[in-house]
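What follows is the content of run.txt, which has compact mmCIF, N, CA and C atoms:
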# COMPACT_ATOMS: atom_id res chain seq x y z
N MET P 22 -26.11 -1.80 26.99
CA MET P 22 -26.26 -2.82 28.01
C MET P 22 -27.72 -2.87 28.41
N LYS P 23 -28.28 -4.05 28.39
CA LYS P 23 -29.67 -4.24 28.79
C LYS P 23 -29.69 -4.54 30.29
N ILE P 24 -30.42 -3.74 31.02
CA ILE P 24 -30.49 -3.94 32.47
C ILE P 24 -31.68 -4.84 32.77
N VAL P 25 -31.39 -5.95 33.45
CA VAL P 25 -32.44 -6.90 33.78
C VAL P 25 -32.37 -7.24 35.26
N GLY P 26 -33.19 -6.61 36.04
CA GLY P 26 -33.27 -6.96 37.44
C GLY P 26 -32.41 -6.12 38.36
N ARG P 27 -32.62 -6.34 39.63
CA ARG P 27 -31.95 -5.55 40.67
C ARG P 27 -30.45 -5.78 40.74
N LYS P 28 -30.04 -7.03 40.53
CA LYS P 28 -28.62 -7.35 40.65
C LYS P 28 -27.80 -6.57 39.62
N THR P 29 -28.23 -6.55 38.38
CA THR P 29 -27.53 -5.82 37.33
C THR P 29 -27.57 -4.32 37.61
N THR P 30 -28.72 -3.83 38.05
CA THR P 30 -28.86 -2.41 38.38
C THR P 30 -27.91 -2.04 39.51
N ALA P 31 -27.78 -2.90 40.51
CA ALA P 31 -26.88 -2.64 41.64
C ALA P 31 -25.43 -2.60 41.17
N LYS P 32 -25.05 -3.53 40.27
CA LYS P 32 -23.68 -3.54 39.76
C LYS P 32 -23.38 -2.27 38.97
N LEU P 33 -24.31 -1.86 38.14
CA LEU P 33 -24.13 -0.65 37.35
C LEU P 33 -24.03 0.57 38.26
N SER P 34 -24.89 0.63 39.26
CA SER P 34 -24.87 1.74 40.21
C SER P 34 -23.53 1.79 40.95
N HIS P 35 -23.02 0.63 41.35
CA HIS P 35 -21.73 0.56 42.04
C HIS P 35 -20.60 1.01 41.12
N ALA P 36 -20.66 0.62 39.85
CA ALA P 36 -19.62 1.00 38.89
C ALA P 36 -19.59 2.51 38.68
N VAL P 37 -20.77 3.13 38.68
CA VAL P 37 -20.84 4.58 38.52
C VAL P 37 -20.29 5.28 39.76
N ALA P 38 -20.61 4.76 40.92
CA ALA P 38 -20.16 5.37 42.17
C ALA P 38 -18.67 5.14 42.43
N TYR P 39 -18.14 4.01 42.00
CA TYR P 39 -16.74 3.64 42.25
C TYR P 39 -16.09 3.17 40.96
N PRO P 40 -15.81 4.08 40.03
CA PRO P 40 -15.30 3.67 38.71
C PRO P 40 -13.93 2.99 38.74
N THR P 41 -13.06 3.40 39.64
CA THR P 41 -11.74 2.77 39.72
C THR P 41 -11.87 1.33 40.17
N GLU P 42 -12.74 1.10 41.13
CA GLU P 42 -12.98 -0.26 41.61
C GLU P 42 -13.59 -1.12 40.50
N ALA P 43 -14.49 -0.52 39.73
CA ALA P 43 -15.11 -1.25 38.62
C ALA P 43 -14.07 -1.66 37.59
N LEU P 44 -13.17 -0.73 37.24
CA LEU P 44 -12.12 -1.06 36.27
C LEU P 44 -11.21 -2.15 36.82
N GLY P 45 -10.88 -2.05 38.11
CA GLY P 45 -10.05 -3.08 38.73
C GLY P 45 -10.72 -4.44 38.69
N ALA P 46 -12.03 -4.47 38.91
CA ALA P 46 -12.76 -5.73 38.86
C ALA P 46 -12.78 -6.30 37.45
N LEU P 47 -12.92 -5.44 36.45
CA LEU P 47 -12.97 -5.90 35.07
C LEU P 47 -11.62 -6.36 34.56
N LEU P 48 -10.55 -5.65 34.94
CA LEU P 48 -9.22 -5.97 34.42
C LEU P 48 -8.32 -6.62 35.47
N GLY P 49 -8.92 -7.00 36.60
CA GLY P 49 -8.17 -7.71 37.62
C GLY P 49 -7.80 -9.09 37.11
N GLY P 50 -7.01 -9.76 37.84
CA GLY P 50 -6.53 -11.07 37.38
C GLY P 50 -5.09 -10.91 36.96
N LYS P 51 -4.35 -11.96 37.16
CA LYS P 51 -2.91 -11.90 36.94
C LYS P 51 -2.52 -11.59 35.50
N TRP P 52 -3.32 -12.01 34.52
CA TRP P 52 -2.88 -11.96 33.14
C TRP P 52 -3.63 -10.99 32.24
N LYS P 53 -4.75 -10.45 32.67
CA LYS P 53 -5.59 -9.66 31.77
C LYS P 53 -4.86 -8.44 31.20
N LEU P 54 -4.13 -7.71 32.02
CA LEU P 54 -3.43 -6.53 31.52
C LEU P 54 -2.35 -6.92 30.50
N THR P 55 -1.66 -8.02 30.77
CA THR P 55 -0.62 -8.49 29.84
C THR P 55 -1.24 -8.95 28.53
N ILE P 56 -2.36 -9.65 28.61
CA ILE P 56 -3.07 -10.08 27.40
C ILE P 56 -3.49 -8.86 26.60
N MET P 57 -4.07 -7.88 27.27
CA MET P 57 -4.52 -6.66 26.58
C MET P 57 -3.34 -5.93 25.95
N GLU P 58 -2.23 -5.88 26.64
CA GLU P 58 -1.04 -5.22 26.09
C GLU P 58 -0.61 -5.88 24.78
N HIS P 59 -0.58 -7.20 24.75
CA HIS P 59 -0.20 -7.91 23.52
C HIS P 59 -1.21 -7.68 22.41
N LEU P 60 -2.49 -7.76 22.73
CA LEU P 60 -3.50 -7.56 21.71
C LEU P 60 -3.49 -6.13 21.17
N LEU P 61 -3.25 -5.16 22.03
CA LEU P 61 -3.19 -3.77 21.57
C LEU P 61 -1.98 -3.53 20.68
N SER P 62 -0.85 -4.16 21.00
CA SER P 62 0.35 -3.91 20.21
C SER P 62 0.41 -4.77 18.94
N ASP P 63 -0.15 -5.98 18.99
CA ASP P 63 -0.04 -6.91 17.86
C ASP P 63 -1.25 -6.92 16.95
N GLY P 64 -2.35 -6.33 17.38
CA GLY P 64 -3.57 -6.38 16.59
C GLY P 64 -4.24 -7.73 16.75
N VAL P 65 -4.81 -8.25 15.69
CA VAL P 65 -5.48 -9.55 15.74
C VAL P 65 -4.40 -10.64 15.88
N ILE P 66 -4.65 -11.56 16.80
CA ILE P 66 -3.66 -12.60 17.06
C ILE P 66 -4.36 -13.93 17.33
N ARG P 67 -3.75 -15.00 16.86
CA ARG P 67 -4.30 -16.34 17.07
C ARG P 67 -4.00 -16.81 18.49
N PHE P 68 -4.83 -17.71 18.97
CA PHE P 68 -4.71 -18.23 20.33
C PHE P 68 -3.30 -18.77 20.60
N ASN P 69 -2.80 -19.62 19.70
CA ASN P 69 -1.50 -20.24 19.94
C ASN P 69 -0.35 -19.23 19.89
N GLU P 70 -0.49 -18.19 19.08
CA GLU P 70 0.53 -17.13 19.07
C GLU P 70 0.56 -16.44 20.43
N LEU P 71 -0.62 -16.14 20.94
CA LEU P 71 -0.71 -15.50 22.25
C LEU P 71 -0.14 -16.41 23.33
N ARG P 72 -0.41 -17.68 23.22
CA ARG P 72 0.11 -18.65 24.19
C ARG P 72 1.64 -18.67 24.17
N ARG P 73 2.24 -18.59 22.97
CA ARG P 73 3.71 -18.57 22.86
C ARG P 73 4.30 -17.30 23.47
N LYS P 74 3.57 -16.20 23.35
CA LYS P 74 4.06 -14.93 23.91
C LYS P 74 3.96 -14.91 25.44
N LEU P 75 3.14 -15.79 25.99
CA LEU P 75 2.94 -15.86 27.44
C LEU P 75 3.26 -17.28 27.93
N PRO P 76 4.53 -17.65 27.93
CA PRO P 76 4.89 -19.04 28.22
C PRO P 76 4.59 -19.50 29.65
N HIS P 77 4.38 -18.57 30.58
CA HIS P 77 4.16 -18.96 31.98
C HIS P 77 2.69 -19.12 32.34
N ILE P 78 1.80 -18.90 31.39
CA ILE P 78 0.38 -19.04 31.65
C ILE P 78 -0.09 -20.41 31.16
N THR P 79 -0.97 -21.04 31.91
CA THR P 79 -1.50 -22.33 31.46
C THR P 79 -2.57 -22.08 30.40
N GLN P 80 -2.83 -23.09 29.60
CA GLN P 80 -3.85 -22.98 28.56
C GLN P 80 -5.22 -22.70 29.18
N LYS P 81 -5.49 -23.36 30.30
CA LYS P 81 -6.77 -23.17 30.99
C LYS P 81 -6.94 -21.73 31.46
N THR P 82 -5.90 -21.17 32.06
CA THR P 82 -5.98 -19.80 32.57
C THR P 82 -6.10 -18.81 31.42
N LEU P 83 -5.34 -19.02 30.35
CA LEU P 83 -5.42 -18.12 29.20
C LEU P 83 -6.83 -18.15 28.62
N THR P 84 -7.39 -19.34 28.47
CA THR P 84 -8.74 -19.47 27.94
C THR P 84 -9.74 -18.73 28.84
N GLN P 85 -9.60 -18.91 30.14
CA GLN P 85 -10.52 -18.27 31.10
C GLN P 85 -10.41 -16.75 31.04
N GLN P 86 -9.18 -16.24 31.02
CA GLN P 86 -8.98 -14.79 30.99
C GLN P 86 -9.51 -14.19 29.67
N LEU P 87 -9.29 -14.90 28.56
CA LEU P 87 -9.80 -14.43 27.28
C LEU P 87 -11.33 -14.41 27.27
N ARG P 88 -11.95 -15.43 27.83
CA ARG P 88 -13.42 -15.48 27.89
C ARG P 88 -13.97 -14.31 28.72
N GLU P 89 -13.30 -14.02 29.83
CA GLU P 89 -13.75 -12.91 30.67
C GLU P 89 -13.59 -11.57 29.96
N LEU P 90 -12.47 -11.39 29.27
CA LEU P 90 -12.26 -10.15 28.52
C LEU P 90 -13.29 -10.01 27.40
N GLU P 91 -13.62 -11.13 26.77
CA GLU P 91 -14.64 -11.10 25.71
C GLU P 91 -16.02 -10.80 26.31
N ARG P 92 -16.34 -11.45 27.40
CA ARG P 92 -17.63 -11.24 28.07
C ARG P 92 -17.81 -9.78 28.48
N ASP P 93 -16.73 -9.15 28.92
CA ASP P 93 -16.79 -7.77 29.39
C ASP P 93 -16.65 -6.74 28.27
N GLY P 94 -16.48 -7.23 27.03
CA GLY P 94 -16.49 -6.34 25.87
C GLY P 94 -15.16 -5.73 25.47
N PHE P 95 -14.04 -6.19 26.06
CA PHE P 95 -12.74 -5.62 25.74
C PHE P 95 -12.12 -6.23 24.49
N ILE P 96 -12.48 -7.48 24.19
CA ILE P 96 -11.93 -8.16 23.03
C ILE P 96 -13.06 -8.87 22.28
N HIS P 97 -12.78 -9.23 21.03
CA HIS P 97 -13.70 -10.05 20.26
C HIS P 97 -12.96 -11.31 19.81
N ARG P 98 -13.74 -12.35 19.61
CA ARG P 98 -13.21 -13.67 19.24
C ARG P 98 -13.83 -14.06 17.91
N THR P 99 -12.98 -14.50 16.98
CA THR P 99 -13.46 -14.98 15.69
C THR P 99 -13.01 -16.42 15.51
N VAL P 100 -13.97 -17.30 15.24
CA VAL P 100 -13.69 -18.71 15.01
C VAL P 100 -13.92 -19.00 13.54
N TYR P 101 -12.92 -19.58 12.88
CA TYR P 101 -13.01 -19.93 11.47
C TYR P 101 -13.33 -21.41 11.35
N PRO P 102 -14.27 -21.77 10.49
CA PRO P 102 -14.68 -23.18 10.35
C PRO P 102 -13.72 -23.97 9.48
N VAL P 103 -12.52 -24.15 9.99
CA VAL P 103 -11.51 -24.95 9.29
C VAL P 103 -10.98 -26.01 10.25
N VAL P 104 -10.29 -26.99 9.69
CA VAL P 104 -9.66 -28.02 10.51
C VAL P 104 -8.16 -27.91 10.31
N PRO P 105 -7.37 -27.75 11.38
CA PRO P 105 -7.81 -27.54 12.76
C PRO P 105 -8.47 -26.16 12.92
N VAL P 106 -9.24 -26.02 13.98
CA VAL P 106 -9.97 -24.79 14.23
C VAL P 106 -9.00 -23.61 14.36
N LYS P 107 -9.35 -22.53 13.71
CA LYS P 107 -8.56 -21.30 13.78
C LYS P 107 -9.36 -20.28 14.58
N VAL P 108 -8.76 -19.80 15.67
CA VAL P 108 -9.42 -18.82 16.54
C VAL P 108 -8.51 -17.60 16.64
N GLU P 109 -9.08 -16.43 16.38
CA GLU P 109 -8.33 -15.18 16.49
C GLU P 109 -9.01 -14.25 17.49
N TYR P 110 -8.18 -13.44 18.13
CA TYR P 110 -8.66 -12.46 19.10
C TYR P 110 -8.20 -11.09 18.68
N GLY P 111 -9.05 -10.11 18.88
CA GLY P 111 -8.72 -8.73 18.59
C GLY P 111 -9.36 -7.82 19.62
N VAL P 112 -8.97 -6.57 19.60
CA VAL P 112 -9.45 -5.60 20.58
C VAL P 112 -10.68 -4.88 20.02
N THR P 113 -11.66 -4.69 20.87
CA THR P 113 -12.85 -3.93 20.50
C THR P 113 -12.59 -2.44 20.71
N GLU P 114 -13.56 -1.63 20.36
CA GLU P 114 -13.44 -0.18 20.60
C GLU P 114 -13.31 0.10 22.09
N LEU P 115 -14.07 -0.62 22.91
CA LEU P 115 -13.95 -0.47 24.36
C LEU P 115 -12.55 -0.84 24.83
N GLY P 116 -12.02 -1.93 24.31
CA GLY P 116 -10.66 -2.35 24.66
C GLY P 116 -9.62 -1.32 24.26
N ARG P 117 -9.79 -0.75 23.08
CA ARG P 117 -8.85 0.27 22.62
C ARG P 117 -8.92 1.52 23.51
N SER P 118 -10.06 1.77 24.14
CA SER P 118 -10.21 2.97 24.97
C SER P 118 -9.36 2.93 26.23
N ILE P 119 -8.85 1.76 26.61
CA ILE P 119 -8.00 1.69 27.81
C ILE P 119 -6.51 1.68 27.46
N GLU P 120 -6.19 1.85 26.18
CA GLU P 120 -4.79 1.80 25.75
C GLU P 120 -3.92 2.83 26.49
N HIS P 121 -4.43 4.03 26.65
CA HIS P 121 -3.64 5.07 27.34
C HIS P 121 -3.45 4.74 28.82
N ILE P 122 -4.41 4.05 29.41
CA ILE P 122 -4.28 3.64 30.81
C ILE P 122 -3.17 2.61 30.94
N LEU P 123 -3.16 1.64 30.05
CA LEU P 123 -2.11 0.61 30.07
C LEU P 123 -0.73 1.22 29.82
N GLN P 124 -0.66 2.20 28.90
CA GLN P 124 0.62 2.85 28.63
C GLN P 124 1.12 3.60 29.86
N SER P 125 0.21 4.28 30.56
CA SER P 125 0.59 4.99 31.79
C SER P 125 1.09 4.01 32.85
N MET P 126 0.43 2.87 32.96
CA MET P 126 0.87 1.86 33.93
C MET P 126 2.25 1.31 33.55
N LYS P 127 2.47 1.09 32.28
CA LYS P 127 3.76 0.59 31.80
C LYS P 127 4.86 1.63 32.09
N ASP P 128 4.58 2.89 31.80
CA ASP P 128 5.55 3.96 32.08
C ASP P 128 5.88 4.01 33.57
N TRP P 129 4.85 3.90 34.41
CA TRP P 129 5.09 3.91 35.85
C TRP P 129 5.94 2.72 36.26
N GLY P 130 5.69 1.56 35.67
CA GLY P 130 6.47 0.37 35.98
C GLY P 130 7.95 0.55 35.66
N TYR P 131 8.25 1.20 34.53
CA TYR P 131 9.65 1.47 34.19
C TYR P 131 10.28 2.42 35.20
N LEU P 132 9.56 3.45 35.60
CA LEU P 132 10.08 4.39 36.61
C LEU P 132 10.33 3.68 37.93
N TYR P 133 9.41 2.85 38.33
CA TYR P 133 9.56 2.11 39.58
C TYR P 133 10.78 1.19 39.52
N ALA P 134 10.97 0.52 38.40
CA ALA P 134 12.13 -0.35 38.24
C ALA P 134 13.42 0.44 38.38
N GLN P 135 13.45 1.64 37.84
CA GLN P 135 14.64 2.49 37.95
C GLN P 135 14.89 2.89 39.40
N VAL P 136 13.83 3.18 40.14
CA VAL P 136 13.97 3.52 41.56
C VAL P 136 14.54 2.34 42.33
N VAL P 137 14.03 1.16 42.06
CA VAL P 137 14.51 -0.04 42.74
C VAL P 137 15.98 -0.26 42.44
N VAL P 138 16.36 -0.09 41.19
CA VAL P 138 17.77 -0.26 40.81
C VAL P 138 18.63 0.77 41.51
N ASN P 139 18.21 2.04 41.48
CA ASN P 139 19.00 3.11 42.09
C ASN P 139 19.12 2.96 43.60
N GLU P 140 18.04 2.56 44.26
CA GLU P 140 18.06 2.46 45.72
C GLU P 140 18.69 1.17 46.22
N HIS P 141 18.53 0.10 45.47
CA HIS P 141 18.97 -1.20 45.97
C HIS P 141 20.05 -1.86 45.13
N GLY P 142 20.37 -1.29 43.99
CA GLY P 142 21.43 -1.84 43.16
C GLY P 142 21.07 -3.12 42.45
N TYR P 143 19.81 -3.37 42.21
CA TYR P 143 19.39 -4.59 41.53
C TYR P 143 19.50 -4.42 40.02
N THR P 144 20.70 -4.33 39.52
CA THR P 144 20.89 -4.07 38.09
C THR P 144 20.46 -5.24 37.22
N GLU P 145 20.43 -6.45 37.78
CA GLU P 145 20.06 -7.60 36.95
C GLU P 145 18.59 -7.60 36.53
N ILE P 146 17.75 -6.79 37.17
CA ILE P 146 16.34 -6.78 36.78
C ILE P 146 16.09 -5.94 35.52
N LEU P 147 17.02 -5.06 35.21
CA LEU P 147 16.89 -4.28 33.98
C LEU P 147 17.70 -4.96 32.91
N SER P 148 17.06 -5.23 31.80
CA SER P 148 17.76 -5.87 30.70
C SER P 148 17.53 -5.07 29.42
N GLU P 149 18.22 -5.42 28.38
CA GLU P 149 18.03 -4.74 27.10
C GLU P 149 16.67 -5.04 26.51
N ASP P 150 16.00 -6.10 26.99
CA ASP P 150 14.67 -6.45 26.48
C ASP P 150 13.63 -5.44 26.89
N LEU P 151 13.86 -4.69 27.97
CA LEU P 151 12.90 -3.70 28.40
C LEU P 151 12.99 -2.54 27.47

So that I can check it, write out the structure of this file as structure tokens.
Amino acid sequence: MKIVGRKTTAKLSHAVAYPTEALGALLGGKWKLTIMEHLLSDGVIRFNELRRKLPHITQKTLTQQLRELERDGFIHRTVYPVVPVKVEYGVTELGRSIEHILQSMKDWGYLYAQVVVNEHGYTEILSEDL
């Protein structure tokens, strides 16, 4: 990373002092963790495939979240010069480094769902798809 000016230096200094907050800022957003989960499990994936896997996200939001993940170094984008345009996304080494964090979060989510079911009887939230 090339440091240019006080603003970038301040951001880097803040990230070092508050690493959890920095990670939250980088992977915050409603869809980034879900996008990363799909890319980590599926490998390289085309834009429209990813869009089909996330039917509740708008094309605009998906594009924005992908651009931010690419800007922050978690994913890479490959554009092929064909008609229609073929765009693929894959995980970088930095992106792969958070795989264990996402797995821990997923494991915790399953445990939490079980607690909710046991305490409140919401059996309809657990399905065979999980």

Could you go through chain P and tell me which residues DSSP, when run on the backbone, assigns to helix (DSSP H, G or I), listing them as a PyMOL selection string?
chain P and resi 27-38+40-48+53-63+68-74+80-92+114-117+120-141+144-146

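A straight line drawn from atom CA of P:His121 to atom C of P:Glu109 is 22.3 Å long.
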
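Between atom CA of P:Tyr110 and atom CA of P:His97 lies a distance of 5.7 Å.
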
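Counting all atoms listed in the file, the residue from P:Gln85, P:Val106, P:Met126, P:Gly111 that sits nearest to P:Leu60 is P:Gly111.
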
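Running DSSP on the backbone and keeping only strand (DSSP E), the residues of stretch 30-128 of chain P that qualify are P:Ile66, P:Arg67, P:Ile96, P:His97, P:Arg98, P:Thr99, P:Val100, P:Tyr101, P:Lys107, P:Val108, P:Glu109, P:Tyr110, P:Gly111, P:Val112.
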